[in-house]
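Enquirer: Let me begin by handing over the structure; questions about it come next.
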Amino acid sequence: MRRVLNHFVVLGSFCFMQVVCSDYVRAQPVNPTLFVGNNVSDNVSVYSVLPDGTLEEVAGSPFSAGEDVQALALTADGRRLAVTNAGKSMFFEDLLFFEVDATGGLTEVPGSPFQTGDAPLGMAISGNSRIFVPSAFLDEMWVFNIEGNRLTNPPGNPYATGVFPNEVTVTPNGRFVYASLLFGGINGWRVDENGSMTPLPGSPFPTPNDGFELLVSPDGRHLYLGGGLSNDVAGYEIRDDGVLLPLPGSPFASGGTSAVNLAVNPGGDFVFVVHVVSETVTTLARAADGSLSLVPGSSQFIGSDARKAVASDEFLFVTDDSSISPGVGVMVYAIADDGLLALVDGSPFPAGVRPQDMVLFLPQDAIGDGDKDGDVDLADIGLLASCVTGPDAGPVADGCSAFDADGDDDVDFADFATIQRAFTGSD
């Protein structure tokens with residue numbers, strides 16, 4: 001396998017050196033980039049995140065994105081953005097698909113929009129390969145395989161869920177998907193090679209309260225669920241077979257009223273909780289066993305209508321989705337080593353009308369950049385050869401995660417095809 005792949009690398013390098021690959025391979029944001037969906041103004045605002053945490057809107061922003069922008073999701077390589085709408089009909093809605101350029105600018109792909117189910121309130125993307133969209137009003141989960149700029153549906157799509165699937169998350173290896181149910185419970189599935197899904201044993205898993213936003217920790221070991229009308233966060237261990245087991249001490253107090261939206265930093269040290277009644281965000285420290293504890297003094301007042309949160313290891317971003325036109329915008333907080341939050345000067349940064357969902361791209365997570373120098377060049381291809389496992393032969397070794405392009409916990413020919421497209425050459 002290693003000899004064959006090394007031979008293929010030589011062929012791929014010829015493609016690189018002859019510059020015969022599409023210009024699309026360079027379409028990856030250079031800077032940390034924040035995408036904000038504006039529900040009422042029907043567009044997406046895009047910002048470069050500067051080193052001090054301030055936001056600078058990119059040229060051409062905001063970008064038109066259909067009617068009633070609802071949920072956003074970004075491929076792991078930062079090259080494609082999916083956007084759901086929520087204003088078309090009682091049965092079907094649109095999913096728009098965009099290419100992302102080096103500045104973060106958006107261009108809708110040919111064939112977009114694609115059809116999905118009614119009330120697509122959440123969305124998740126597995127690596128660069130698959131999109132999961134719950135249809136809250138139809139009690140279904142829609143699945144799309146990403147094939148270049150095309151979206152196709154696997155056999156069995158859509159999949160039945162419990163009542164009112166609200167939000168969705170996927171494990172880092174792409175093997176398991178979970179959807180929260182508004183009135184309690186978490187649906188779980190195993191994802192097969194072709195994108196089809198099989199319910200996990202014991203699914204739907206019981207929850208202590210209503211189900212709002214849920215997320216998987218960056219190490220893939222734990223799942224957390226916002227309790228909605230309760231003031232806590234439920235925590236679960238994710239077993240090797242995907243089954244969820246409640247963590248000791250769960251649910252954990254969130255430090256505010258009505259814990260709805262959650263974010264976790266890439267390092268996995270903290271879970272941030274947005275409360276829609278107290279209009280606050282708090283920090284919960286995450287221990288090695290997955291348990292959560294409130295960081296004293298971390299509570300910050302957001303404004304008139306707190307919503308979505310996303311985080312890097314340095315900054316936390318929260319939308320204030322005011323019902324007053326225009327919406328207030330994006331609050332940015334610096335995250336101290338102990339999890340305390342400090343408002344960044346200039347907050348709130350203006351967005352469109354009713355800014356809601358957000359996604360954040362961090363260049364250091366770029367697919368193929370094994371040496372973390374901001375490009376994908378022949379030095380990275382040399383590192384790739386030492387990281388090859390072959391199909392289903394993981395886990396991926398330490399230092400090799402940049403080469404697991406499809407997030408399936410191995411490094412094989414499928415990953416190389418994506419990395420080849422990611423080639424930029426040296427600075």
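Just so we're on the same page: first chain in the structure tokens is A, next is B, and so on; residues restart at 1 for each chain, and ligands are numbered from 1 in the order they show up.
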Excluding stretch 215-228 of chain A and its own-chain neighbours fewer than 5 positions away, which residues fall within 8 Å of it when counting only C-alpha atoms? Please give them as a list in words.

Expert: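 Here the answer would be Val168, Thr169, Val170, Thr171, Pro172, Asn173, Ser180, Pro208, Asn209, Asp210, Val233, Ala234, Gly235, Tyr236, Glu237, Ile238, Arg239, Ser258, Ala259, Val260, Asn261, Leu262, Ala263, Val264, Pro266, Gly267, Gly268, Val273 and Gly290 of chain A.
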
Enquirer: Would you pick out the contacts of A:Ala71 at 10 Å or less, using only C-alpha atoms, so that residues sharing its chain but fewer than 3 positions from it are not included, and give the list as a list in words?

Expert: Val36, Gly37, Asn38, Asn39, Asp68, Ala82, Val83, Thr84, Asn85, Ala86, Leu95, Pro120, Leu121, Gly122, Met123, Ala124, Val133, Glu167, Gln356, Asp357, Met358 and Val359 of chain A

Enquirer: Create the file for the chosen residues now, containing C-alpha atoms and written as an mmCIF file, in the first residue's frame.

Expert:
data_model
loop_
_atom_site.group_PDB
_atom_site.id
_atom_site.type_symbol
_atom_site.label_atom_id
_atom_site.label_comp_id
_atom_site.auth_asym_id
_atom_site.auth_seq_id
_atom_site.Cartn_x
_atom_site.Cartn_y
_atom_site.Cartn_z
ATOM 1 C CA VAL A 36 -22.786 34.500 10.065
ATOM 2 C CA GLY A 37 -26.251 33.635 8.740
ATOM 3 C CA ASN A 38 -28.733 36.534 8.821
ATOM 4 C CA ASN A 39 -32.265 35.166 9.030
ATOM 5 C CA ASP A 68 -34.990 32.963 5.668
ATOM 6 C CA ALA A 82 -23.870 24.852 3.134
ATOM 7 C CA VAL A 83 -26.822 27.085 4.075
ATOM 8 C CA THR A 84 -30.406 26.009 4.772
ATOM 9 C CA ASN A 85 -33.465 28.175 4.251
ATOM 10 C CA ALA A 86 -36.734 28.076 6.195
ATOM 11 C CA LEU A 95 -30.113 23.886 0.848
ATOM 12 C CA PRO A 120 -34.091 22.482 8.712
ATOM 13 C CA LEU A 121 -33.174 24.114 12.019
ATOM 14 C CA GLY A 122 -29.714 22.575 12.340
ATOM 15 C CA MET A 123 -27.014 21.101 10.131
ATOM 16 C CA ALA A 124 -23.668 19.313 10.445
ATOM 17 C CA VAL A 133 -29.927 18.061 7.993
ATOM 18 C CA GLU A 167 -30.096 20.032 16.148
ATOM 19 C CA GLN A 356 -28.345 33.628 14.093
ATOM 20 C CA ASP A 357 -26.194 30.651 13.117
ATOM 21 C CA MET A 358 -22.409 30.851 12.709
ATOM 22 C CA VAL A 359 -19.480 28.702 11.659
#

Enquirer: Quick one: distance from atom CA of A:Phe315 to atom CA of A:Pro350 in Å, one decimal?

Expert: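 These two atoms are separated by 17.3 Å.
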
Enquirer: Out of stretch 125-190 of chain A, which residues get strand (DSSP E) from DSSP, as a VMD selection string?

Expert: chain A and resid 125 to 126 130 to 135 140 to 147 150 to 152 159 to 160 165 to 170 176 to 181 186 to 190

Enquirer: What does the structure give for the distance between atom CA of A:Phe317 and atom CA of A:Phe252, in Å to one decimal?

Expert: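 Computed distance, atom CA of A:Phe317 to atom CA of A:Phe252, equals 22.5 Å.
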
Enquirer: To one decimal place in Å, what is the distance between atom CA of A:Ser41 and atom CA of A:Gly352?

Expert: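 Atom CA of A:Ser41 sits 5.9 Å away from atom CA of A:Gly352.
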
Enquirer: Please identify all polymer residues within 7 Å of A:Pro113, counting only C-alpha atoms, omitting same-chain residues fewer than 3 positions from it, and present them as a ChimeraX atom specification.

Expert: /A:94-97

Enquirer: Please, could you write that set of residues out with N, CA and C atoms as a short mmCIF file (atom, residue, chain, number, x, y, z; two decimals), in the first residue's frame?

Expert:
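Result file is selection_10.cif:
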data_model
loop_
_atom_site.label_atom_id
_atom_site.label_comp_id
_atom_site.auth_asym_id
_atom_site.auth_seq_id
_atom_site.Cartn_x
_atom_site.Cartn_y
_atom_site.Cartn_z
N ASP A 94 -34.90 24.76 0.83
CA ASP A 94 -33.69 24.78 0.01
C ASP A 94 -32.44 24.64 0.87
N LEU A 95 -31.47 23.94 0.31
CA LEU A 95 -30.11 23.89 0.85
C LEU A 95 -29.20 24.47 -0.22
N LEU A 96 -28.61 25.62 0.07
CA LEU A 96 -27.70 26.27 -0.87
C LEU A 96 -26.28 25.81 -0.59
N PHE A 97 -25.48 25.66 -1.65
CA PHE A 97 -24.12 25.16 -1.54
C PHE A 97 -23.19 26.14 -2.23
#

Enquirer: From the list A:Leu244, A:Leu294, A:Ala288, A:Val330, which residue is nearest A:Thr54 when using only C-alpha atoms?

Expert: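 Checking each of A:Leu244, A:Leu294, A:Ala288, A:Val330 against A:Thr54, counting only C-alpha atoms, the winner is A:Val330.
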
Enquirer: Got a sec: who's within 12 Å of stretch 393-401 of chain A, counting only C-alpha atoms, leaving out chain neighbours fewer than 2 positions off, as a PyMOL selection string?

Expert: chain A and resi 1+76+127+172-173+219+364-372+380-391+403-412+415

Enquirer: Emit the selected residues as a compact mmCIF listing (two decimals), in the first residue's frame, including N, CA and C atoms.

Expert:
# COMPACT_ATOMS: atom_id res chain seq x y z
N MET A 1 0.84 -1.21 0.00
CA MET A 1 0.00 0.00 0.00
C MET A 1 0.87 1.26 0.00
N ALA A 76 -14.60 20.61 6.46
CA ALA A 76 -13.40 20.72 7.30
C ALA A 76 -12.29 21.50 6.64
N GLY A 127 -16.45 15.94 8.14
CA GLY A 127 -15.23 16.17 7.36
C GLY A 127 -15.53 16.99 6.12
N PRO A 172 -15.99 13.28 15.34
CA PRO A 172 -14.87 13.68 14.46
C PRO A 172 -14.50 12.63 13.42
N ASN A 173 -14.68 11.34 13.72
CA ASN A 173 -14.35 10.32 12.74
C ASN A 173 -15.47 10.06 11.74
N ASP A 219 -12.22 15.50 21.04
CA ASP A 219 -11.58 14.19 21.08
C ASP A 219 -12.55 13.05 20.78
N GLN A 364 -5.30 26.70 10.79
CA GLN A 364 -4.40 25.67 11.30
C GLN A 364 -5.03 24.28 11.22
N ASP A 365 -6.34 24.24 10.97
CA ASP A 365 -7.01 22.97 10.79
C ASP A 365 -7.04 22.54 9.33
N ALA A 366 -6.31 23.25 8.46
CA ALA A 366 -6.39 23.01 7.03
C ALA A 366 -5.96 21.60 6.67
N ILE A 367 -6.77 20.96 5.84
CA ILE A 367 -6.47 19.61 5.37
C ILE A 367 -5.19 19.62 4.54
N GLY A 368 -4.29 18.70 4.85
CA GLY A 368 -3.07 18.54 4.08
C GLY A 368 -1.88 19.33 4.60
N ASP A 369 -2.11 20.27 5.53
CA ASP A 369 -1.02 21.10 6.04
C ASP A 369 -0.39 20.40 7.24
N GLY A 370 0.36 19.32 6.96
CA GLY A 370 0.92 18.50 8.02
C GLY A 370 1.95 19.20 8.87
N ASP A 371 2.71 20.14 8.28
CA ASP A 371 3.73 20.84 9.06
C ASP A 371 3.24 22.18 9.61
N LYS A 372 1.95 22.47 9.45
CA LYS A 372 1.30 23.64 10.06
C LYS A 372 1.98 24.95 9.69
N ASP A 380 4.65 18.68 2.80
CA ASP A 380 3.51 18.00 3.38
C ASP A 380 3.27 16.64 2.72
N ILE A 381 3.48 16.57 1.40
CA ILE A 381 3.30 15.29 0.71
C ILE A 381 4.29 14.26 1.24
N GLY A 382 5.53 14.70 1.57
CA GLY A 382 6.49 13.79 2.17
C GLY A 382 6.03 13.28 3.52
N LEU A 383 5.42 14.15 4.33
CA LEU A 383 4.89 13.72 5.63
C LEU A 383 3.71 12.77 5.45
N LEU A 384 2.91 13.01 4.42
CA LEU A 384 1.75 12.18 4.17
C LEU A 384 2.13 10.71 4.05
N ALA A 385 3.23 10.41 3.34
CA ALA A 385 3.63 9.02 3.11
C ALA A 385 3.85 8.27 4.42
N SER A 386 4.35 8.98 5.44
CA SER A 386 4.62 8.31 6.72
C SER A 386 3.37 8.14 7.57
N CYS A 387 2.25 8.76 7.13
CA CYS A 387 1.01 8.70 7.91
C CYS A 387 0.00 7.71 7.36
N VAL A 388 0.31 7.10 6.21
CA VAL A 388 -0.65 6.22 5.56
C VAL A 388 -0.96 5.01 6.45
N THR A 389 -2.26 4.70 6.60
CA THR A 389 -2.68 3.50 7.33
C THR A 389 -3.29 2.47 6.40
N GLY A 390 -3.90 2.92 5.29
CA GLY A 390 -4.73 2.06 4.47
C GLY A 390 -6.17 2.15 4.93
N PRO A 391 -7.11 1.68 4.10
CA PRO A 391 -8.54 1.79 4.43
C PRO A 391 -8.89 1.06 5.72
N PHE A 403 -4.03 14.79 7.59
CA PHE A 403 -4.13 13.97 6.39
C PHE A 403 -5.37 13.07 6.39
N ASP A 404 -6.13 13.08 7.47
CA ASP A 404 -7.39 12.33 7.50
C ASP A 404 -8.48 13.25 6.96
N ALA A 405 -8.48 13.46 5.66
CA ALA A 405 -9.32 14.49 5.03
C ALA A 405 -10.80 14.21 5.16
N ASP A 406 -11.20 12.93 5.17
CA ASP A 406 -12.62 12.63 5.24
C ASP A 406 -13.08 12.28 6.65
N GLY A 407 -12.19 12.42 7.63
CA GLY A 407 -12.57 12.26 9.02
C GLY A 407 -12.98 10.85 9.42
N ASP A 408 -12.47 9.82 8.74
CA ASP A 408 -12.90 8.45 9.06
C ASP A 408 -11.83 7.68 9.84
N ASP A 409 -10.87 8.39 10.42
CA ASP A 409 -9.86 7.83 11.31
C ASP A 409 -8.93 6.84 10.62
N ASP A 410 -8.67 7.07 9.33
CA ASP A 410 -7.59 6.38 8.64
C ASP A 410 -7.04 7.34 7.59
N VAL A 411 -5.92 6.98 6.98
CA VAL A 411 -5.32 7.78 5.89
C VAL A 411 -5.13 6.84 4.72
N ASP A 412 -5.87 7.09 3.62
CA ASP A 412 -5.86 6.17 2.48
C ASP A 412 -6.00 6.96 1.18
N ASP A 415 -8.34 9.98 1.08
CA ASP A 415 -7.79 11.21 1.66
C ASP A 415 -6.82 11.87 0.71

Enquirer: Give me the residues near A:Phe176 as a count of residues only, where near means some atom within 6 Å (using only C-alpha atoms) and where sequence neighbours in that chain fewer than 6 positions away do not count.

Expert: 4

Enquirer: Return the single residue from A:Glu140, A:Asp77, A:Asp392, A:Asp313 that is closest to A:Phe92, with distances computed using only C-alpha atoms.

Expert: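 Ranking A:Glu140, A:Asp77, A:Asp392, A:Asp313 by distance to A:Phe92, first place goes to A:Glu140.
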
Enquirer: Just want the 10 Å neighbourhood of A:Tyr333, counted on only C-alpha atoms, with same-chain residues fewer than 5 positions away dropped. Output as a list in words.

Expert: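 Answer for this query is Gly53, Thr54, Gln300, Ala311, Glu314, Phe315, Leu316, Phe317, Val318, Leu340, Leu341, Ala342, Leu343, Val344, Asp345 and Ser347 of chain A.
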
Enquirer: Could you list, as a list in words, every residue within 7 Å of A:Phe132, counting only C-alpha atoms and ignoring same-chain residues fewer than 6 positions away?

Expert: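 So, after excluding close chain neighbours, the residues are Met123, Ala124, Ile125, Met141, Trp142, Val143 and Phe144 of chain A.
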
Enquirer: Write the selection just made, keeping C-alpha atoms, as a CSV table (one decimal), in the first residue's frame?

Expert:
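Final output, out.csv:
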chain,number,residue,atom,x,y,z
A,123,MET,CA,-27.0,21.1,10.1
A,124,ALA,CA,-23.7,19.3,10.4
A,125,ILE,CA,-21.0,18.3,8.0
A,141,MET,CA,-33.0,13.3,8.9
A,142,TRP,CA,-31.8,14.1,5.4
A,143,VAL,CA,-28.3,13.0,4.3
A,144,PHE,CA,-26.3,14.3,1.4

Enquirer: Counting only C-alpha atoms, which residues of stretch 81-160 of chain A sit at most 10 Å from some atom of stretch 45-52 of chain A, and what is each one's closest atom pair with its distance in Å to one decimal, listed by chain and rising residue number, as CSV?

Expert:
residue,atom,partner,partner_atom,distance
A:Thr103,CA,A:Ser48,CA,7.8
A:Gly104,CA,A:Val46,CA,6.6
A:Gly105,CA,A:Val46,CA,7.3
A:Leu106,CA,A:Val46,CA,8.8

Enquirer: Counting only C-alpha atoms, which residue out of A:Gly87, A:Asp101, A:Asn194, A:Leu200 sits closest to A:Ala59?

Expert: A:Asp101
